[in-house]
Amino acid sequence: VCGPTVYDFAHIGNARPVIVFDVLFRLLRHLYGAEHVIYTRNITDVDDKINDRAARDYPDLLLNEAIRKVTEGTNAQFQADVKALGCLEPTHQPRATEHIRGMLEVTQRLLDKVMEIARQEDDLAVELNKHSDAEKPAYGRQLFHLLERDPVFVEALMNPAVRTMGSYMMGLSYRLFSMVAFVKEGSARSTHMHTDSVGVPTPLPAYGAVCNVSWILTDYTPENGTLGMVPGSHRNCRHPTEFEQPKFIGGGMDDSMVTPVMARPGSLAVFTG
């Protein structure tokens, strides 16, 4: 279960999931026995809000020391509040910071394997299909059938965070449609603004029919290359028009309306299509 992001004291909205899952925990223990039920609730101690509060409240400390003071104090208060509500303590309460090294290791393995497959495809391409650097696909390239190519892609797919976000966005009956890698090497033209509801005519359904969960394998910044989103555009329930392309790719929409996704390797970018 997703636990608290420990940058400030808990409010009544934070108490709701704690109580709901405590009731479920008690019910499962009653039905199957306490030794057969494991309840894990994480502590998110990595977040921009934590960094901001640490810098504000402890300006004389090194940032990492200040962050620790904020997260330790806030988590202690959260645990006291939960105990006062009469909730049982979870079996495990892992901190996000304790697993960053593992996240980065999986991310590096994914990146290494993607680049290895890309090189293999280049080596195997017949001469007629090879491109000079000037002729490479302008919008990048896709690598397909990844689940068959290496166990690391199965590991990435079955990652609990990926499955949790998929079910949160689409419901428990969601299905995997495809798993591909998108590679852009060197300079490449920007992909036009689009939806991922390929082949679905306008108007699009008001509910999310497609969900994209992307592993970020390199730094996503405007300088390095990233995704761009137009906040609120999903409410239009249609594909963007030619005019609704930002000016930096030849459209008529002001560039300021596009929000770049800023993310570090190991992050997940999750959005409906």
# chains A, B, ... in the order shown; residues from 1 in each chain; ligands from 1
$ residues_around --residues "A:Asp254" --least-positions-apart "6" --cutoff "10 Å" --atoms "only C-alpha atoms" --output "ChimeraX atom specification"
/A:244-248
$ write_last_selection --atoms "C-alpha atoms" --output "PDB file, in the first residue's frame"
ATOM      1  CA  GLU A 244      -2.744  22.702 -31.817  1.00  0.00           C
ATOM      2  CA  GLN A 245       0.924  21.957 -32.329  1.00  0.00           C
ATOM      3  CA  PRO A 246       3.474  24.115 -30.509  1.00  0.00           C
ATOM      4  CA  LYS A 247       5.324  26.763 -32.484  1.00  0.00           C
ATOM      5  CA  PHE A 248       8.684  25.051 -32.022  1.00  0.00           C
TER       6      PHE A 248
END
$ select_by_dssp --residues "stretch 107-255 of chain A" --states "helix (DSSP H, G or I)" --output "ChimeraX atom specification"
/A:107-124,127-129,133-135,146-148,151-157,160-170,233-236,247-249,255
$ atom_distance --atom1 "atom CA of A:Pro260" --atom2 "atom CA of A:Met229"
6.4 Å
$ closest_residue --among "A:Val180, A:Val230, A:Ile43, A:Val261" --to "A:Pro94" --atoms "only C-alpha atoms"
A:Ile43
$ residues_around --residues "A:Thr71" --least-positions-apart "3" --cutoff "12 Å" --atoms "only C-alpha atoms" --output "mmCIF file with N, CA and C atoms, in the first residue's frame"
data_model
loop_
_atom_site.group_PDB
_atom_site.id
_atom_site.type_symbol
_atom_site.label_atom_id
_atom_site.label_comp_id
_atom_site.auth_asym_id
_atom_site.auth_seq_id
_atom_site.Cartn_x
_atom_site.Cartn_y
_atom_site.Cartn_z
ATOM 1 N N PRO A 4 2.658 7.261 3.570
ATOM 2 C CA PRO A 4 2.756 8.716 3.597
ATOM 3 C C PRO A 4 3.988 9.246 2.870
ATOM 4 N N THR A 5 3.845 10.439 2.287
ATOM 5 C CA THR A 5 4.999 11.218 1.844
ATOM 6 C C THR A 5 5.304 12.180 2.987
ATOM 7 N N VAL A 6 6.410 11.948 3.678
ATOM 8 C CA VAL A 6 6.617 12.545 5.001
ATOM 9 C C VAL A 6 7.276 13.928 4.911
ATOM 10 N N TYR A 7 6.484 14.906 4.443
ATOM 11 C CA TYR A 7 6.955 16.285 4.404
ATOM 12 C C TYR A 7 6.141 17.188 5.307
ATOM 13 N N ASP A 8 4.978 16.699 5.802
ATOM 14 C CA ASP A 8 4.141 17.515 6.682
ATOM 15 C C ASP A 8 3.239 16.579 7.483
ATOM 16 N N PHE A 9 2.554 17.137 8.469
ATOM 17 C CA PHE A 9 1.697 16.318 9.314
ATOM 18 C C PHE A 9 0.512 15.777 8.525
ATOM 19 N N ILE A 43 7.058 4.120 3.035
ATOM 20 C CA ILE A 43 7.237 5.502 3.490
ATOM 21 C C ILE A 43 7.989 6.231 2.388
ATOM 22 N N THR A 44 7.339 7.192 1.759
ATOM 23 C CA THR A 44 7.965 7.950 0.680
ATOM 24 C C THR A 44 8.764 9.099 1.293
ATOM 25 N N ASP A 45 10.081 8.918 1.366
ATOM 26 C CA ASP A 45 10.933 9.951 1.951
ATOM 27 C C ASP A 45 11.833 10.583 0.895
ATOM 28 N N VAL A 46 11.383 10.556 -0.376
ATOM 29 C CA VAL A 46 12.046 11.260 -1.478
ATOM 30 C C VAL A 46 10.976 12.052 -2.218
ATOM 31 N N ASP A 47 11.088 13.369 -2.203
ATOM 32 C CA ASP A 47 10.054 14.175 -2.855
ATOM 33 C C ASP A 47 10.515 15.630 -2.872
ATOM 34 N N LYS A 49 8.768 18.215 -2.323
ATOM 35 C CA LYS A 49 8.193 18.939 -1.192
ATOM 36 C C LYS A 49 9.029 18.738 0.069
ATOM 37 N N ILE A 50 9.596 17.542 0.220
ATOM 38 C CA ILE A 50 10.487 17.286 1.356
ATOM 39 C C ILE A 50 11.732 18.157 1.243
ATOM 40 N N ASN A 51 12.287 18.222 0.047
ATOM 41 C CA ASN A 51 13.481 19.045 -0.168
ATOM 42 C C ASN A 51 13.202 20.513 0.134
ATOM 43 N N ARG A 53 10.885 21.824 2.092
ATOM 44 C CA ARG A 53 10.683 22.083 3.520
ATOM 45 C C ARG A 53 11.996 21.980 4.294
ATOM 46 N N ALA A 54 12.844 21.034 3.890
ATOM 47 C CA ALA A 54 14.134 20.890 4.558
ATOM 48 C C ALA A 54 14.975 22.152 4.395
ATOM 49 N N ASN A 64 21.061 16.907 2.862
ATOM 50 C CA ASN A 64 20.726 15.538 3.252
ATOM 51 C C ASN A 64 20.427 15.428 4.742
ATOM 52 N N GLU A 65 21.181 16.181 5.566
ATOM 53 C CA GLU A 65 20.908 16.183 7.009
ATOM 54 C C GLU A 65 19.562 16.823 7.299
ATOM 55 N N ALA A 66 19.266 17.914 6.616
ATOM 56 C CA ALA A 66 17.988 18.595 6.813
ATOM 57 C C ALA A 66 16.824 17.708 6.390
ATOM 58 N N ILE A 67 16.979 17.004 5.262
ATOM 59 C CA ILE A 67 15.937 16.092 4.791
ATOM 60 C C ILE A 67 15.667 15.007 5.816
ATOM 61 N N ARG A 68 16.739 14.452 6.388
ATOM 62 C CA ARG A 68 16.573 13.389 7.377
ATOM 63 C C ARG A 68 15.799 13.886 8.597
ATOM 64 N N THR A 74 8.535 13.929 10.819
ATOM 65 C CA THR A 74 7.193 13.794 10.249
ATOM 66 C C THR A 74 6.716 12.351 10.318
ATOM 67 N N ASN A 75 7.624 11.404 10.047
ATOM 68 C CA ASN A 75 7.226 9.999 10.120
ATOM 69 C C ASN A 75 6.873 9.606 11.548
ATOM 70 N N ALA A 76 7.630 10.090 12.530
ATOM 71 C CA ALA A 76 7.317 9.776 13.934
ATOM 72 C C ALA A 76 5.924 10.280 14.301
ATOM 73 N N GLN A 77 5.574 11.480 13.825
ATOM 74 C CA GLN A 77 4.251 12.020 14.103
ATOM 75 C C GLN A 77 3.169 11.195 13.405
ATOM 76 N N PHE A 78 3.443 10.771 12.174
ATOM 77 C CA PHE A 78 2.477 9.944 11.438
ATOM 78 C C PHE A 78 2.233 8.627 12.174
ATOM 79 N N GLN A 79 3.310 7.974 12.624
ATOM 80 C CA GLN A 79 3.162 6.702 13.332
ATOM 81 C C GLN A 79 2.357 6.884 14.623
ATOM 82 N N ARG A 95 11.367 2.243 3.508
ATOM 83 C CA ARG A 95 11.565 3.623 3.064
ATOM 84 C C ARG A 95 12.004 3.627 1.599
ATOM 85 N N ALA A 96 11.530 4.584 0.857
ATOM 86 C CA ALA A 96 11.925 4.687 -0.552
ATOM 87 C C ALA A 96 13.439 4.841 -0.692
ATOM 88 N N THR A 97 14.052 5.600 0.230
ATOM 89 C CA THR A 97 15.494 5.842 0.130
ATOM 90 C C THR A 97 16.321 4.570 0.320
#
$ residues_around --residues "A:Leu110" --least-positions-apart "2" --cutoff "8 Å" --atoms "only C-alpha atoms" --output "NGL selection string"
:A and (106-108 or 112-114 or 152-153 or 217)
$ write_last_selection --atoms "N, CA, C and O atoms" --output "short mmCIF file (atom, residue, chain, number, x, y, z; two decimals), in the first residue's frame"
data_model
loop_
_atom_site.label_atom_id
_atom_site.label_comp_id
_atom_site.auth_asym_id
_atom_site.auth_seq_id
_atom_site.Cartn_x
_atom_site.Cartn_y
_atom_site.Cartn_z
N VAL A 106 18.19 -1.67 -11.76
CA VAL A 106 17.25 -2.18 -12.76
C VAL A 106 17.20 -1.23 -13.97
O VAL A 106 17.19 -1.67 -15.13
N THR A 107 17.20 0.07 -13.70
CA THR A 107 17.16 1.06 -14.78
C THR A 107 18.38 0.92 -15.69
O THR A 107 18.26 0.96 -16.92
N GLN A 108 19.56 0.74 -15.09
CA GLN A 108 20.77 0.62 -15.90
C GLN A 108 20.75 -0.66 -16.71
O GLN A 108 21.18 -0.67 -17.88
N ASP A 112 21.03 -0.72 -20.72
CA ASP A 112 22.08 -1.50 -21.39
C ASP A 112 21.49 -2.48 -22.39
O ASP A 112 22.00 -2.64 -23.51
N LYS A 113 20.41 -3.15 -22.01
CA LYS A 113 19.81 -4.15 -22.89
C LYS A 113 19.15 -3.49 -24.10
O LYS A 113 19.23 -4.01 -25.23
N VAL A 114 18.47 -2.36 -23.89
CA VAL A 114 17.85 -1.65 -25.01
C VAL A 114 18.91 -1.24 -26.03
O VAL A 114 18.74 -1.43 -27.24
N VAL A 152 14.91 -9.18 -18.24
CA VAL A 152 14.85 -7.89 -17.57
C VAL A 152 13.58 -7.12 -17.95
O VAL A 152 13.05 -6.35 -17.14
N PHE A 153 13.07 -7.36 -19.16
CA PHE A 153 11.84 -6.67 -19.57
C PHE A 153 10.62 -7.26 -18.86
O PHE A 153 9.68 -6.53 -18.53
N LEU A 217 14.72 6.01 -18.67
CA LEU A 217 16.05 5.40 -18.59
C LEU A 217 17.19 6.42 -18.69
O LEU A 217 18.35 6.07 -18.43
#
$ closest_residue --among "A:Leu61, A:Met169, A:Ala181, A:Met257" --to "A:Ser233" --atoms "only C-alpha atoms"
A:Met257
$ residues_around --residues "A:Thr91" --least-positions-apart "6" --cutoff "8 Å" --atoms "only C-alpha atoms" --output "PyMOL selection string"
chain A and resi 38-40
$ select_by_dssp --residues "stretch 32-268 of chain A" --states "strand (DSSP E)" --output "ChimeraX atom specification"
/A:141-143,181-183,211-215,228-229,259-260,268
$ atom_distance --atom1 "atom CA of A:Met170" --atom2 "atom CA of A:Leu147"
21.4 Å
$ closest_residue --among "A:Ser178, A:Ser214, A:Ser190, A:Ser173" --to "A:Phe271" --atoms "only C-alpha atoms"
A:Ser214
$ closest_residue --among "A:Pro59, A:Gly266, A:Gly208, A:Gly273" --to "A:His99" --atoms "only C-alpha atoms"
A:Gly266
$ closest_residue --among "A:Leu88, A:His239, A:Asp52, A:Thr218" --to "A:Leu104" --atoms "only C-alpha atoms"
A:Thr218
$ residues_around --residues "A:Thr272" --least-positions-apart "4" --cutoff "8 Å" --atoms "only C-alpha atoms" --output "number ranges by chain"
A: 169, 196, 208-212
$ residues_around --residues "stretch 17-20 of chain A" --least-positions-apart "2" --cutoff "12 Å" --atoms "only C-alpha atoms" --output "JSON, numbers by chain"
{"A": [1, 2, 3, 4, 10, 11, 12, 13, 14, 15, 22, 23, 24, 25, 26, 27, 39, 40, 41, 42, 78, 79, 81, 82, 83, 84, 85, 86, 87, 88, 89, 90]}
$ closest_residue --among "A:Val213, A:Val154, A:Ile249, A:Leu176" --to "A:His192" --atoms "only C-alpha atoms"
A:Ile249
$ atom_distance --atom1 "atom CA of A:Pro240" --atom2 "atom CA of A:Leu172"
29.2 Å
